[in-house]
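Below is one structure, written out as structure tokens, with a few remarks after it.
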Amino acid sequence: MTSSTATAEGRIREFTTQSGADTVAVGRKLVKLLEPPQFLLLSGELGTGKTTLVKGIAQALDAAEPDEVTSPTFTLMHEYLGSRNGKPVKLYHLDVYRLESERQLETLGLDDLLTPDALVIVEWGEKFKSIRKRATGEIVIASEGGDARKITVTLKE
């Protein structure tokens, strides 16, 4: 199920999924909405499917197969090269859960990532003011019980 609305904050799309496969499928659909450059917060409790969603995004960009996309919890960042509408796209998937300070965050070189051809997706980015300021949108995944998820995408205009 999908719904769409526009607000003062931007465009909002909502999706409801019933399985991990559904979440991957939503990730594939999202690529149509994500025009580079984008810097997105990806929020949700542990185990809600944040990396599963990125699997679908990477697959739609022909950047990686879903089983090749893993959580960057310990490496902090994974980079995938793909394309969108025949143009090259860099997909950066970051997980800043383990970082505790803005100073640690600076070592990632976030300013260098947001090139005109980049989609930067940051898990747990809401923890940091500097990341919230950079964000051009947010994806929130919430558990609806069992394997069901509600995925809310807000993109700034």
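Residues in the structure tokens are named by chain (A, B, ... in the order shown) and by number from 1 within that chain; ligands are numbered from 1 in the order shown.
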For range 5-98 of chain A against range 131-155 of chain A, with a cut-off of 10 Å and counting only C-alpha atoms, what is the closest atom pair and its distance in Å to one decimal for every residue that makes the cut, ordered by chain and number, as a Markdown table?
| residue | atom | partner | partner_atom | distance |
| --- | --- | --- | --- | --- |
| A:Thr5 | CA | A:Thr154 | CA | 9.5 |
| A:Ala6 | CA | A:Thr154 | CA | 9.1 |
| A:Thr7 | CA | A:Thr154 | CA | 9.3 |
| A:Glu9 | CA | A:Thr154 | CA | 7.7 |
| A:Gly10 | CA | A:Leu155 | CA | 5.4 |
| A:Arg11 | CA | A:Leu155 | CA | 5.2 |
| A:Ile12 | CA | A:Thr154 | CA | 4.4 |
| A:Arg13 | CA | A:Val153 | CA | 5.1 |
| A:Glu14 | CA | A:Thr152 | CA | 4.5 |
| A:Phe15 | CA | A:Ile151 | CA | 5.0 |
| A:Thr16 | CA | A:Lys150 | CA | 4.6 |
| A:Thr17 | CA | A:Arg149 | CA | 5.1 |
| A:Gln18 | CA | A:Ala148 | CA | 4.2 |
| A:Ser19 | CA | A:Asp147 | CA | 5.3 |
| A:Gly20 | CA | A:Asp147 | CA | 7.4 |
| A:Asp22 | CA | A:Arg149 | CA | 9.3 |
| A:Thr23 | CA | A:Arg149 | CA | 8.0 |
| A:Val26 | CA | A:Ile151 | CA | 8.5 |
| A:Gly27 | CA | A:Ile151 | CA | 9.9 |
| A:Leu30 | CA | A:Val153 | CA | 8.7 |
| A:Leu33 | CA | A:Leu155 | CA | 8.6 |
| A:Leu34 | CA | A:Leu155 | CA | 8.5 |
| A:Pro37 | CA | A:Thr136 | CA | 8.8 |
| A:Gln38 | CA | A:Thr136 | CA | 5.9 |
| A:Phe39 | CA | A:Ala135 | CA | 5.0 |
| A:Leu40 | CA | A:Gly137 | CA | 4.9 |
| A:Leu41 | CA | A:Glu138 | CA | 4.6 |
| A:Leu42 | CA | A:Ile139 | CA | 4.8 |
| A:Ser43 | CA | A:Val140 | CA | 4.7 |
| A:Gly44 | CA | A:Ile141 | CA | 4.9 |
| A:Glu45 | CA | A:Ala142 | CA | 7.3 |
| A:Gly47 | CA | A:Ser143 | CA | 9.0 |
| A:Thr48 | CA | A:Ser143 | CA | 6.1 |
| A:Gly49 | CA | A:Ile141 | CA | 7.3 |
| A:Lys50 | CA | A:Ile141 | CA | 7.0 |
| A:Leu53 | CA | A:Ile141 | CA | 9.2 |
Using C-alpha atoms, can you write the selected residues to a file as a PDB file, in the first residue's frame?
ATOM      1  CA  THR A   5       0.810  13.917   0.392  1.00  0.00           C
ATOM      2  CA  ALA A   6       2.494  17.311   0.160  1.00  0.00           C
ATOM      3  CA  THR A   7       3.147  19.472   3.233  1.00  0.00           C
ATOM      4  CA  GLU A   9       8.047  20.286   4.962  1.00  0.00           C
ATOM      5  CA  GLY A  10       7.983  18.652   1.512  1.00  0.00           C
ATOM      6  CA  ARG A  11       6.596  15.596  -0.235  1.00  0.00           C
ATOM      7  CA  ILE A  12       5.607  12.678   1.957  1.00  0.00           C
ATOM      8  CA  ARG A  13       5.117   9.108   0.757  1.00  0.00           C
ATOM      9  CA  GLU A  14       4.016   6.247   2.973  1.00  0.00           C
ATOM     10  CA  PHE A  15       4.390   2.552   2.278  1.00  0.00           C
ATOM     11  CA  THR A  16       3.224  -0.464   4.261  1.00  0.00           C
ATOM     12  CA  THR A  17       5.147  -3.719   3.946  1.00  0.00           C
ATOM     13  CA  GLN A  18       4.448  -7.204   5.258  1.00  0.00           C
ATOM     14  CA  SER A  19       7.866  -8.843   4.751  1.00  0.00           C
ATOM     15  CA  GLY A  20      11.530  -8.254   4.069  1.00  0.00           C
ATOM     16  CA  ASP A  22       8.227  -6.126   0.433  1.00  0.00           C
ATOM     17  CA  THR A  23      10.753  -3.774   2.055  1.00  0.00           C
ATOM     18  CA  VAL A  26       9.824  -0.428  -1.645  1.00  0.00           C
ATOM     19  CA  GLY A  27      13.542   0.384  -1.844  1.00  0.00           C
ATOM     20  CA  LEU A  30      12.100   4.808  -3.946  1.00  0.00           C
ATOM     21  CA  LEU A  33      11.791   9.575  -6.114  1.00  0.00           C
ATOM     22  CA  LEU A  34      15.471  10.099  -5.289  1.00  0.00           C
ATOM     23  CA  PRO A  37      22.197  14.718  -5.043  1.00  0.00           C
ATOM     24  CA  GLN A  38      20.286  13.545  -1.964  1.00  0.00           C
ATOM     25  CA  PHE A  39      21.417  13.316   1.652  1.00  0.00           C
ATOM     26  CA  LEU A  40      18.891  11.199   3.546  1.00  0.00           C
ATOM     27  CA  LEU A  41      18.440  10.249   7.172  1.00  0.00           C
ATOM     28  CA  LEU A  42      17.338   6.628   7.577  1.00  0.00           C
ATOM     29  CA  SER A  43      15.680   6.159  10.955  1.00  0.00           C
ATOM     30  CA  GLY A  44      14.145   3.221  12.745  1.00  0.00           C
ATOM     31  CA  GLU A  45      14.688   0.986  15.724  1.00  0.00           C
ATOM     32  CA  GLY A  47      15.855  -4.663  13.345  1.00  0.00           C
ATOM     33  CA  THR A  48      13.184  -2.668  11.505  1.00  0.00           C
ATOM     34  CA  GLY A  49      14.757  -3.188   8.085  1.00  0.00           C
ATOM     35  CA  LYS A  50      16.896  -0.136   7.369  1.00  0.00           C
ATOM     36  CA  LEU A  53      15.467  -1.054   2.345  1.00  0.00           C
TER      37      LEU A  53
END
Which parts of range 5-54 of chain A does DSSP call strand (DSSP E or B) when run on the backbone here, written out as a list in words?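 Here are the strand (DSSP E or B) residues of range 5-54 of chain A: Thr5, Ala6, Thr7, Gly10, Arg11, Ile12, Arg13, Glu14, Phe15, Thr16, Thr17, Gln38, Phe39, Leu40, Leu41, Leu42 and Ser43 of chain A.
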Enumerate as a list in words all residues of range 30-128 of chain A assigned to alpha helix (DSSP H) by DSSP on the backbone, naming them with the chain letters and numbers the document uses.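 Output for range 30-128 of chain A, alpha helix (DSSP H) only: Leu30, Lys50, Thr51, Thr52, Leu53, Val54, Lys55, Gly56, Ile57, Ala58, Gln59, Ala60, Glu102, Arg103, Gln104, Leu105, Glu106, Leu110, Asp111, Asp112 and Leu113 of chain A.
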Could you dump the residues just selected with N, CA and C atoms as a compact mmCIF listing (two decimals), in the first residue's frame?
# COMPACT_ATOMS: atom_id res chain seq x y z
N LEU A 30 11.61 3.51 -4.42
CA LEU A 30 12.10 4.81 -3.95
C LEU A 30 13.09 5.45 -4.90
N LYS A 50 16.23 -1.26 8.04
CA LYS A 50 16.90 -0.14 7.37
C LYS A 50 17.83 -0.64 6.26
N THR A 51 18.66 -1.59 6.57
CA THR A 51 19.57 -2.13 5.56
C THR A 51 18.80 -2.88 4.49
N THR A 52 17.72 -3.53 4.85
CA THR A 52 16.88 -4.24 3.88
C THR A 52 16.34 -3.26 2.84
N LEU A 53 15.94 -2.08 3.27
CA LEU A 53 15.47 -1.05 2.35
C LEU A 53 16.58 -0.63 1.39
N VAL A 54 17.79 -0.45 1.91
CA VAL A 54 18.93 -0.04 1.09
C VAL A 54 19.25 -1.13 0.05
N LYS A 55 19.00 -2.39 0.39
CA LYS A 55 19.20 -3.48 -0.57
C LYS A 55 18.38 -3.22 -1.84
N GLY A 56 17.14 -2.80 -1.67
CA GLY A 56 16.28 -2.52 -2.82
C GLY A 56 16.75 -1.32 -3.61
N ILE A 57 17.22 -0.29 -2.90
CA ILE A 57 17.73 0.90 -3.58
C ILE A 57 18.95 0.53 -4.42
N ALA A 58 19.89 -0.20 -3.83
CA ALA A 58 21.09 -0.62 -4.54
C ALA A 58 20.75 -1.48 -5.75
N GLN A 59 19.78 -2.38 -5.58
CA GLN A 59 19.39 -3.25 -6.69
C GLN A 59 18.79 -2.44 -7.84
N ALA A 60 17.92 -1.47 -7.54
CA ALA A 60 17.29 -0.66 -8.57
C ALA A 60 18.30 0.19 -9.34
N GLU A 102 30.45 14.69 17.25
CA GLU A 102 30.60 15.36 15.97
C GLU A 102 32.05 15.24 15.48
N ARG A 103 32.98 15.23 16.41
CA ARG A 103 34.39 15.13 16.04
C ARG A 103 34.68 13.80 15.33
N GLN A 104 34.13 12.71 15.86
CA GLN A 104 34.28 11.41 15.22
C GLN A 104 33.64 11.42 13.83
N LEU A 105 32.53 12.09 13.73
CA LEU A 105 31.79 12.18 12.47
C LEU A 105 32.60 12.90 11.40
N GLU A 106 33.38 13.89 11.79
CA GLU A 106 34.19 14.66 10.84
C GLU A 106 35.16 13.78 10.06
N LEU A 110 31.94 13.83 5.25
CA LEU A 110 30.60 13.90 4.68
C LEU A 110 30.47 14.96 3.59
N ASP A 111 31.13 16.08 3.75
CA ASP A 111 31.03 17.14 2.74
C ASP A 111 31.55 16.68 1.39
N ASP A 112 32.50 15.77 1.39
CA ASP A 112 33.08 15.28 0.14
C ASP A 112 32.17 14.25 -0.55
N LEU A 113 31.24 13.66 0.19
CA LEU A 113 30.38 12.63 -0.38
C LEU A 113 29.26 13.19 -1.24
Just checking: using only C-alpha atoms, which residue out of A:Ser101, A:Leu114, A:Val31, A:Leu76 ends up closest to Ser130 in chain A?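 Closest residue, counting only C-alpha atoms: A:Ser101.
Relative to CA of Leu119 in chain A, CA of Glu35 in chain A is found at 8.0 Å.
Compared by their closest atoms to Ala64 in chain A, and using only C-alpha atoms, the residues A:Gly109, A:Gly82, A:Gly125, A:Pro116 rank with A:Gly82 nearest.
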Could you check the closest approach to Thr115 in chain A for each of A:Arg84, A:Lys90, A:Arg28, A:Arg98 and tell me which residue wins, using only C-alpha atoms?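 Going through A:Arg84, A:Lys90, A:Arg28, A:Arg98 one by one, the smallest distance to Thr115 in chain A is for A:Lys90.
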In Å, with one decimal, what is the gap from CA of His93 in chain A to CA of Tyr80 in chain A?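 For CA of His93 in chain A relative to CA of Tyr80 in chain A, the distance reads 8.2 Å.
One distance worth recording is that between CA of Phe128 in chain A and CA of Val96 in chain A, which is 9.1 Å.
Among the candidates A:Glu157, A:Glu68, A:Glu126, A:Asp117, the residue lying nearest to Val89 in chain A is A:Asp117 (atoms considered: only C-alpha atoms).
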